[in-house]
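Q: Next comes upload.cif, mmCIF, C-alpha atoms:
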data_protein
loop_
_atom_site.label_atom_id
_atom_site.label_comp_id
_atom_site.auth_asym_id
_atom_site.auth_seq_id
_atom_site.Cartn_x
_atom_site.Cartn_y
_atom_site.Cartn_z
CA PHE A 1 80.50 142.38 127.20
CA LEU A 2 82.57 144.49 124.80
CA PHE A 3 85.59 143.94 127.01
CA MET A 4 85.37 140.11 126.82
CA PRO A 5 87.09 139.69 123.43
CA ILE A 6 89.87 142.01 124.58
CA LEU A 7 90.31 140.13 127.86
CA SER A 8 90.37 136.81 125.99
CA LYS A 9 93.16 138.08 123.77
CA ILE A 10 95.18 139.20 126.80
CA PHE A 11 94.57 136.31 129.18
CA GLY A 12 93.42 133.57 126.80
CA ASP A 13 90.12 131.68 126.68
CA PRO A 14 89.60 129.99 130.11
CA MET A 15 87.86 127.00 128.51
CA GLU A 16 90.72 126.47 126.06
CA ARG A 17 93.14 126.35 128.98
CA VAL A 18 90.98 123.76 130.74
CA VAL A 19 90.72 121.60 127.61
CA ALA A 20 94.47 121.89 127.09
CA LYS A 21 95.07 120.39 130.55
CA TYR A 22 92.79 117.47 129.72
CA GLN A 23 94.46 117.02 126.35
CA VAL A 24 97.79 116.37 128.08
CA ILE A 25 96.21 113.38 129.85
CA VAL A 26 94.57 112.20 126.62
CA GLU A 27 97.94 112.25 124.84
CA LYS A 28 99.45 110.09 127.59
CA ILE A 29 96.59 107.58 127.20
CA ASN A 30 97.02 107.52 123.43
CA GLN A 31 100.75 106.93 123.76
CA LEU A 32 100.01 103.79 125.80
CA GLU A 33 97.61 102.28 123.28
CA SER A 34 100.12 100.18 121.34
CA GLN A 35 101.61 98.85 124.58
CA PHE A 36 98.22 97.74 125.90
CA GLU A 37 97.31 96.22 122.53
CA SER A 38 100.27 93.87 122.94
CA PHE A 39 98.99 92.42 126.22
CA SER A 40 97.34 89.02 126.30
CA ALA A 41 93.89 88.76 127.85
CA GLU A 42 95.44 87.54 131.10
CA GLU A 43 98.11 90.25 131.12
CA LEU A 44 95.40 92.87 130.65
CA LYS A 45 93.41 91.46 133.56
CA GLN A 46 96.55 91.39 135.72
CA LYS A 47 96.91 95.15 135.32
CA THR A 48 94.06 95.56 137.82
CA ILE A 49 96.02 93.62 140.43
CA GLU A 50 99.11 95.69 139.64
CA PHE A 51 97.20 98.97 139.96
CA ARG A 52 95.77 97.95 143.33
CA LYS A 53 99.21 97.00 144.64
CA ARG A 54 100.55 100.38 143.58
CA LEU A 55 97.70 102.14 145.38
CA LYS A 56 98.56 100.26 148.58
CA LYS A 57 102.16 101.39 148.22
CA GLY A 58 101.14 105.04 148.12
CA ALA A 59 100.21 105.79 144.52
CA THR A 60 97.11 107.90 143.95
CA LEU A 61 94.29 107.42 141.46
CA ASP A 62 95.57 110.45 139.57
CA ASP A 63 98.95 108.71 139.24
CA LEU A 64 97.21 105.77 137.55
CA ILE A 65 94.69 107.59 135.41
CA ALA A 66 96.47 107.30 132.05
CA GLU A 67 97.23 103.59 132.42
CA ALA A 68 93.81 102.75 133.87
CA PHE A 69 92.02 104.55 131.04
CA ALA A 70 94.26 102.82 128.50
CA ALA A 71 93.29 99.48 130.05
CA VAL A 72 89.57 100.28 129.83
CA ARG A 73 89.89 101.43 126.23
CA GLU A 74 91.69 98.21 125.28
CA ALA A 75 89.13 96.05 127.11
CA ALA A 76 86.30 97.85 125.31
CA LYS A 77 87.93 97.29 121.93
CA ARG A 78 88.34 93.58 122.59
CA THR A 79 84.98 92.86 124.18
CA ILE A 80 82.36 95.12 122.63
CA SER A 81 84.33 96.37 119.60
CA GLN A 82 84.10 100.01 120.62
CA ARG A 83 87.07 102.34 121.01
CA HIS A 84 86.88 105.45 123.17
CA PHE A 85 87.29 108.69 121.28
CA ASP A 86 89.38 111.49 122.78
CA VAL A 87 86.25 113.41 123.80
CA GLN A 88 85.06 110.38 125.78
CA LEU A 89 88.43 110.14 127.50
CA ILE A 90 88.07 113.80 128.51
CA GLY A 91 84.56 113.02 129.78
CA GLY A 92 86.00 110.23 131.92
CA VAL A 93 88.60 112.55 133.44
CA VAL A 94 85.93 115.13 134.22
CA LEU A 95 83.77 112.52 135.97
CA HIS A 96 86.75 111.26 137.97
CA GLN A 97 87.38 114.81 139.16
CA GLY A 98 83.83 114.99 140.53
CA LYS A 99 82.67 117.49 137.95
CA ILE A 100 79.76 117.39 135.51
CA ALA A 101 80.44 116.16 131.98
CA GLU A 102 77.57 117.16 129.70
CA MET A 103 77.35 114.97 126.60
CA LYS A 104 74.54 114.93 124.08
CA THR A 105 72.65 111.81 123.03
CA GLY A 106 74.90 109.73 120.81
CA GLU A 107 78.18 111.15 122.11
CA GLY A 108 78.91 108.06 124.17
CA LYS A 109 78.03 108.74 127.80
CA THR A 110 77.55 105.04 128.53
CA LEU A 111 81.01 104.19 127.19
CA ALA A 112 82.69 107.18 128.85
CA ALA A 113 81.45 106.28 132.32
CA PRO A 114 83.43 103.01 132.74
CA LEU A 115 86.68 104.97 132.50
CA ALA A 116 86.05 106.82 135.76
CA VAL A 117 84.14 103.90 137.27
CA TYR A 118 86.99 101.44 136.75
CA LEU A 119 89.62 103.85 138.04
CA ASN A 120 87.71 104.52 141.26
CA ALA A 121 86.79 100.85 141.71
CA LEU A 122 90.50 100.07 142.04
CA GLU A 123 90.34 101.32 145.63
CA GLY A 124 88.10 98.35 146.46
CA GLN A 125 85.45 100.38 148.26
CA GLY A 126 82.69 99.80 145.70
CA VAL A 127 81.43 102.27 143.11
CA HIS A 128 77.75 103.13 142.60
CA VAL A 129 76.63 104.24 139.14
CA VAL A 130 73.32 106.09 139.36
CA THR A 131 71.09 105.93 136.28
CA VAL A 132 67.63 107.37 135.62
CA ASN A 133 65.57 104.16 135.45
CA ASP A 134 65.70 100.41 136.10
CA TYR A 135 65.96 99.55 132.42
CA LEU A 136 69.13 101.60 131.91
CA ALA A 137 70.68 100.21 135.09
CA LYS A 138 70.10 96.70 133.80
CA ARG A 139 71.03 97.46 130.20
CA ASP A 140 74.27 99.23 131.07
CA THR A 141 75.34 96.45 133.43
CA ASN A 142 74.84 93.92 130.65
CA TRP A 143 76.38 96.17 127.98
CA MET A 144 79.44 97.39 129.89
CA GLY A 145 79.82 94.17 131.88
CA PRO A 146 82.25 92.57 129.41
CA ILE A 147 84.66 95.50 129.85
CA TYR A 148 84.76 95.19 133.63
CA HIS A 149 84.88 91.39 133.43
CA ALA A 150 87.89 91.50 131.09
CA LEU A 151 89.66 93.62 133.71
CA GLY A 152 88.83 91.28 136.57
CA LEU A 153 86.10 93.34 138.24
CA SER A 154 82.59 92.27 139.20
CA VAL A 155 79.49 94.33 138.42
CA GLY A 156 75.91 94.15 139.62
CA CYS A 157 72.68 96.09 139.25
CA LEU A 158 69.50 96.81 141.17
CA GLU A 159 65.86 96.79 140.13
CA HIS A 160 62.82 97.59 142.24
CA GLU A 161 62.31 93.99 143.35
CA LYS A 162 65.32 92.17 141.92
CA ALA A 163 69.10 92.34 141.78
CA TYR A 164 71.62 90.89 139.35
CA VAL A 165 75.33 90.34 138.79
CA TYR A 166 77.03 90.17 135.41
CA GLU A 167 78.03 86.62 134.59
CA PRO A 168 78.92 85.72 130.98
CA ALA A 169 76.54 83.08 129.69
CA VAL A 170 77.91 80.02 127.91
CA LEU A 171 75.75 79.65 124.82
CA ASP A 172 75.76 77.24 121.92
CA GLN A 173 76.94 78.96 118.75
CA ASN A 174 73.57 78.26 117.12
CA GLU A 175 71.60 79.59 120.09
CA LEU A 176 70.14 83.05 119.72
CA THR A 177 71.29 85.47 122.39
CA VAL A 178 68.68 87.54 124.14
CA GLU A 179 69.02 90.87 125.89
CA MET A 180 70.18 90.61 129.52
CA VAL A 181 71.22 86.96 129.02
CA ASN A 182 74.46 87.64 130.93
CA LEU A 183 72.70 88.81 134.09
CA LYS A 184 72.28 86.33 136.92
CA GLU A 185 69.65 87.05 139.53
CA VAL A 186 71.05 87.24 143.05
CA ALA A 187 70.09 88.43 146.51
CA ARG A 188 70.25 92.20 146.87
CA GLY A 189 73.43 92.01 148.92
CA GLY A 190 75.11 90.19 146.05
CA ALA A 191 74.75 93.21 143.78
CA TYR A 192 76.12 95.50 146.49
CA SER A 193 79.07 93.17 147.05
CA ALA A 194 80.23 93.67 143.47
CA ASP A 195 83.06 96.06 142.68
CA ILE A 196 80.57 98.18 140.73
CA THR A 197 76.81 98.50 141.21
CA TYR A 198 74.40 100.15 138.78
CA GLY A 199 71.03 101.40 140.00
CA THR A 200 68.67 104.34 140.31
CA ASN A 201 68.72 107.02 142.98
CA ASN A 202 65.44 105.59 144.33
CA GLU A 203 66.84 102.10 144.81
CA PHE A 204 70.07 103.28 146.45
CA GLY A 205 68.18 105.77 148.59
CA PHE A 206 65.47 103.42 149.86
CA ASP A 207 67.98 100.62 150.51
CA TYR A 208 69.96 103.07 152.63
CA LEU A 209 66.83 104.04 154.56
CA ARG A 210 65.82 100.41 155.11
CA ASP A 211 69.28 99.58 156.46
CA ASN A 212 69.41 102.57 158.79
CA MET A 213 65.92 102.88 160.24
#
Could you express the structure from this file as structure tokens?
A:
Amino acid sequence: FLFMPILSKIFGDPMERVVAKYQVIVEKINQLESQFESFSAEELKQKTIEFRKRLKKGATLDDLIAEAFAAVREAAKRTISQRHFDVQLIGGVVLHQGKIAEMKTGEGKTLAAPLAVYLNALEGQGVHVVTVNDYLAKRDTNWMGPIYHALGLSVGCLEHEKAYVYEPAVLDQNELTVEMVNLKEVARGGAYSADITYGTNNEFGFDYLRDNM
């Protein structure tokens, strides 16, 4: 252990080098912020179509990561009035790379997830977001739904006996909104047909077993 400080001085802190690599991506995202702020709602939604066309022409998800994350950040600012901090952007990159991003309660895990979810949903193969219970699956679909909707993607969620898709409710200005008001109950296949599906490991697992036994 006495050699560790000496080795760190010679070779550098490994974690600092990792963070520095992520910071390069974060800086690219931040540089795009003013450009994405200038887009109209329709222009922002059209970016999804553009990204998908570029993927078909040979671009990779890593090629699109800065622009895709900038689009998600802008959509979040406009729809739920929350802006991703740099640490959440790093969390999104880590998730996209298939690694574990540990974030404490209050550090914005729910908001960080849509960054990687949106990017991977661009391939059109469907993205499953696994949560720990039915309530969180339903809550996060309703809470993050406006972000995905603003970018032209559909999102659904699973419960033990029900399934839903996010569909913005048209409410009178004087009508009180209630939690989950933007979730429309659908057949189970409807939630799976969405670009993004939230659910628990139990629901995904048992649905798989039912379909393959």
Q: Can you measure atom CA of Ile49 of chain A to atom CA of Ala101 of chain A for me? One decimal in Å is fine.
A: 28.7 Å
Q: Quick one, how far is atom CA of His160 of chain A from atom CA of Lys184 of chain A?
A: 15.6 Å
Q: Can you translate the PyMOL selection byres ((chain A and resi 40) around 12) into the concrete residues it hits in this file, as a CSV table (one decimal) with C-alpha atoms, in the frame of the given file?
A:
chain,number,residue,atom,x,y,z
A,35,GLN,CA,101.6,98.8,124.6
A,36,PHE,CA,98.2,97.7,125.9
A,37,GLU,CA,97.3,96.2,122.5
A,38,SER,CA,100.3,93.9,122.9
A,39,PHE,CA,99.0,92.4,126.2
A,41,ALA,CA,93.9,88.8,127.8
A,42,GLU,CA,95.4,87.5,131.1
A,43,GLU,CA,98.1,90.2,131.1
A,44,LEU,CA,95.4,92.9,130.6
A,45,LYS,CA,93.4,91.5,133.6
A,46,GLN,CA,96.6,91.4,135.7
A,47,LYS,CA,96.9,95.2,135.3
A,71,ALA,CA,93.3,99.5,130.0
A,74,GLU,CA,91.7,98.2,125.3
A,75,ALA,CA,89.1,96.0,127.1
A,78,ARG,CA,88.3,93.6,122.6
A,150,ALA,CA,87.9,91.5,131.1
A,151,LEU,CA,89.7,93.6,133.7
Q: Name the residues that the PyMOL selection byres ((chain A and resi 52) around 12) picks from the file above, as a short mmCIF file (atom, residue, chain, number, x, y, z; two decimals) with C-alpha atoms, in the frame of the given file, using the file's chain letters and numbers.
A:
data_model
loop_
_atom_site.label_atom_id
_atom_site.label_comp_id
_atom_site.auth_asym_id
_atom_site.auth_seq_id
_atom_site.Cartn_x
_atom_site.Cartn_y
_atom_site.Cartn_z
CA LYS A 45 93.41 91.46 133.56
CA GLN A 46 96.55 91.39 135.72
CA LYS A 47 96.91 95.15 135.32
CA THR A 48 94.06 95.56 137.82
CA ILE A 49 96.02 93.62 140.43
CA GLU A 50 99.11 95.69 139.64
CA PHE A 51 97.20 98.97 139.96
CA LYS A 53 99.21 97.00 144.64
CA ARG A 54 100.55 100.38 143.58
CA LEU A 55 97.70 102.14 145.38
CA LYS A 56 98.56 100.26 148.58
CA LYS A 57 102.16 101.39 148.22
CA GLY A 58 101.14 105.04 148.12
CA ALA A 59 100.21 105.79 144.52
CA THR A 60 97.11 107.90 143.95
CA LEU A 61 94.29 107.42 141.46
CA ASP A 63 98.95 108.71 139.24
CA LEU A 64 97.21 105.77 137.55
CA ALA A 68 93.81 102.75 133.87
CA TYR A 118 86.99 101.44 136.75
CA LEU A 119 89.62 103.85 138.04
CA ASN A 120 87.71 104.52 141.26
CA ALA A 121 86.79 100.85 141.71
CA LEU A 122 90.50 100.07 142.04
CA GLU A 123 90.34 101.32 145.63
CA GLY A 124 88.10 98.35 146.46
CA GLN A 125 85.45 100.38 148.26
CA GLY A 152 88.83 91.28 136.57
CA LEU A 153 86.10 93.34 138.24
#
Q: Atom CA of Val94 of chain A to atom CA of Ala116 of chain A: how many Å, to one decimal?
A: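 Those two atoms sit 8.5 Å apart.
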Q: Take the PyMOL selection byres ((chain A and resi 185) around 12), apply it to the structure above, and return the hits as a list in words.
A: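 Answer for the PyMOL selection byres ((chain A and resi 185) around 12): Lys138, Gly156, Cys157, Leu158, Glu159, Glu161, Lys162, Ala163, Tyr164, Val165, Tyr166, Glu167, Met180, Val181, Asn182, Leu183, Lys184, Val186, Ala187, Arg188, Gly189, Gly190 and Ala191 of chain A.
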Q: Which is closer to Ile90 of chain A than all the others in A:Phe69, A:Tyr148, A:Tyr192, A:Tyr22, using only C-alpha atoms?
A: A:Tyr22
Q: Compile the contact shell of Gln82 of chain A as a PyMOL selection string: residues with an atom at most 12 Å away, counting all atoms listed in the file, same-chain residues fewer than 5 positions apart removed.
A: chain A and resi 72-77+88+108+110-112+143-144+146-147
Q: How would the residues just chosen look if you wrote them out with C-alpha atoms as a PDB file, keeping the file's coordinate frame?
A:
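Produced file selection07.pdb, reproduced below:
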ATOM      1  CA  VAL A  72      89.570 100.280 129.830  1.00  0.00           C
ATOM      2  CA  ARG A  73      89.890 101.430 126.230  1.00  0.00           C
ATOM      3  CA  GLU A  74      91.690  98.210 125.280  1.00  0.00           C
ATOM      4  CA  ALA A  75      89.130  96.050 127.110  1.00  0.00           C
ATOM      5  CA  ALA A  76      86.300  97.850 125.310  1.00  0.00           C
ATOM      6  CA  LYS A  77      87.930  97.290 121.930  1.00  0.00           C
ATOM      7  CA  GLN A  88      85.060 110.380 125.780  1.00  0.00           C
ATOM      8  CA  GLY A 108      78.910 108.060 124.170  1.00  0.00           C
ATOM      9  CA  THR A 110      77.550 105.040 128.530  1.00  0.00           C
ATOM     10  CA  LEU A 111      81.010 104.190 127.190  1.00  0.00           C
ATOM     11  CA  ALA A 112      82.690 107.180 128.850  1.00  0.00           C
ATOM     12  CA  TRP A 143      76.380  96.170 127.980  1.00  0.00           C
ATOM     13  CA  MET A 144      79.440  97.390 129.890  1.00  0.00           C
ATOM     14  CA  PRO A 146      82.250  92.570 129.410  1.00  0.00           C
ATOM     15  CA  ILE A 147      84.660  95.500 129.850  1.00  0.00           C
TER      16      ILE A 147
END
Q: Residues within 9 Å of segment 201-209 of chain A, please, as a ChimeraX atom specification. Count all atoms listed in the file; anything in the same chain fewer than 4 positions from it doesn't count.
A: /A:128,130-134,158-160,213
Q: Would you place a box with edges along x, y and z of the file around all atoms of segment 199-207 of chain A listed there, add 5 Å to each of its six sides, and report the centre and edge lengths in Å to one decimal, as AutoDock Vina command-line options?
A:
--center_x 68.2 --center_y 103.8 --center_z 145.3 --size_x 15.6 --size_y 16.4 --size_z 20.5
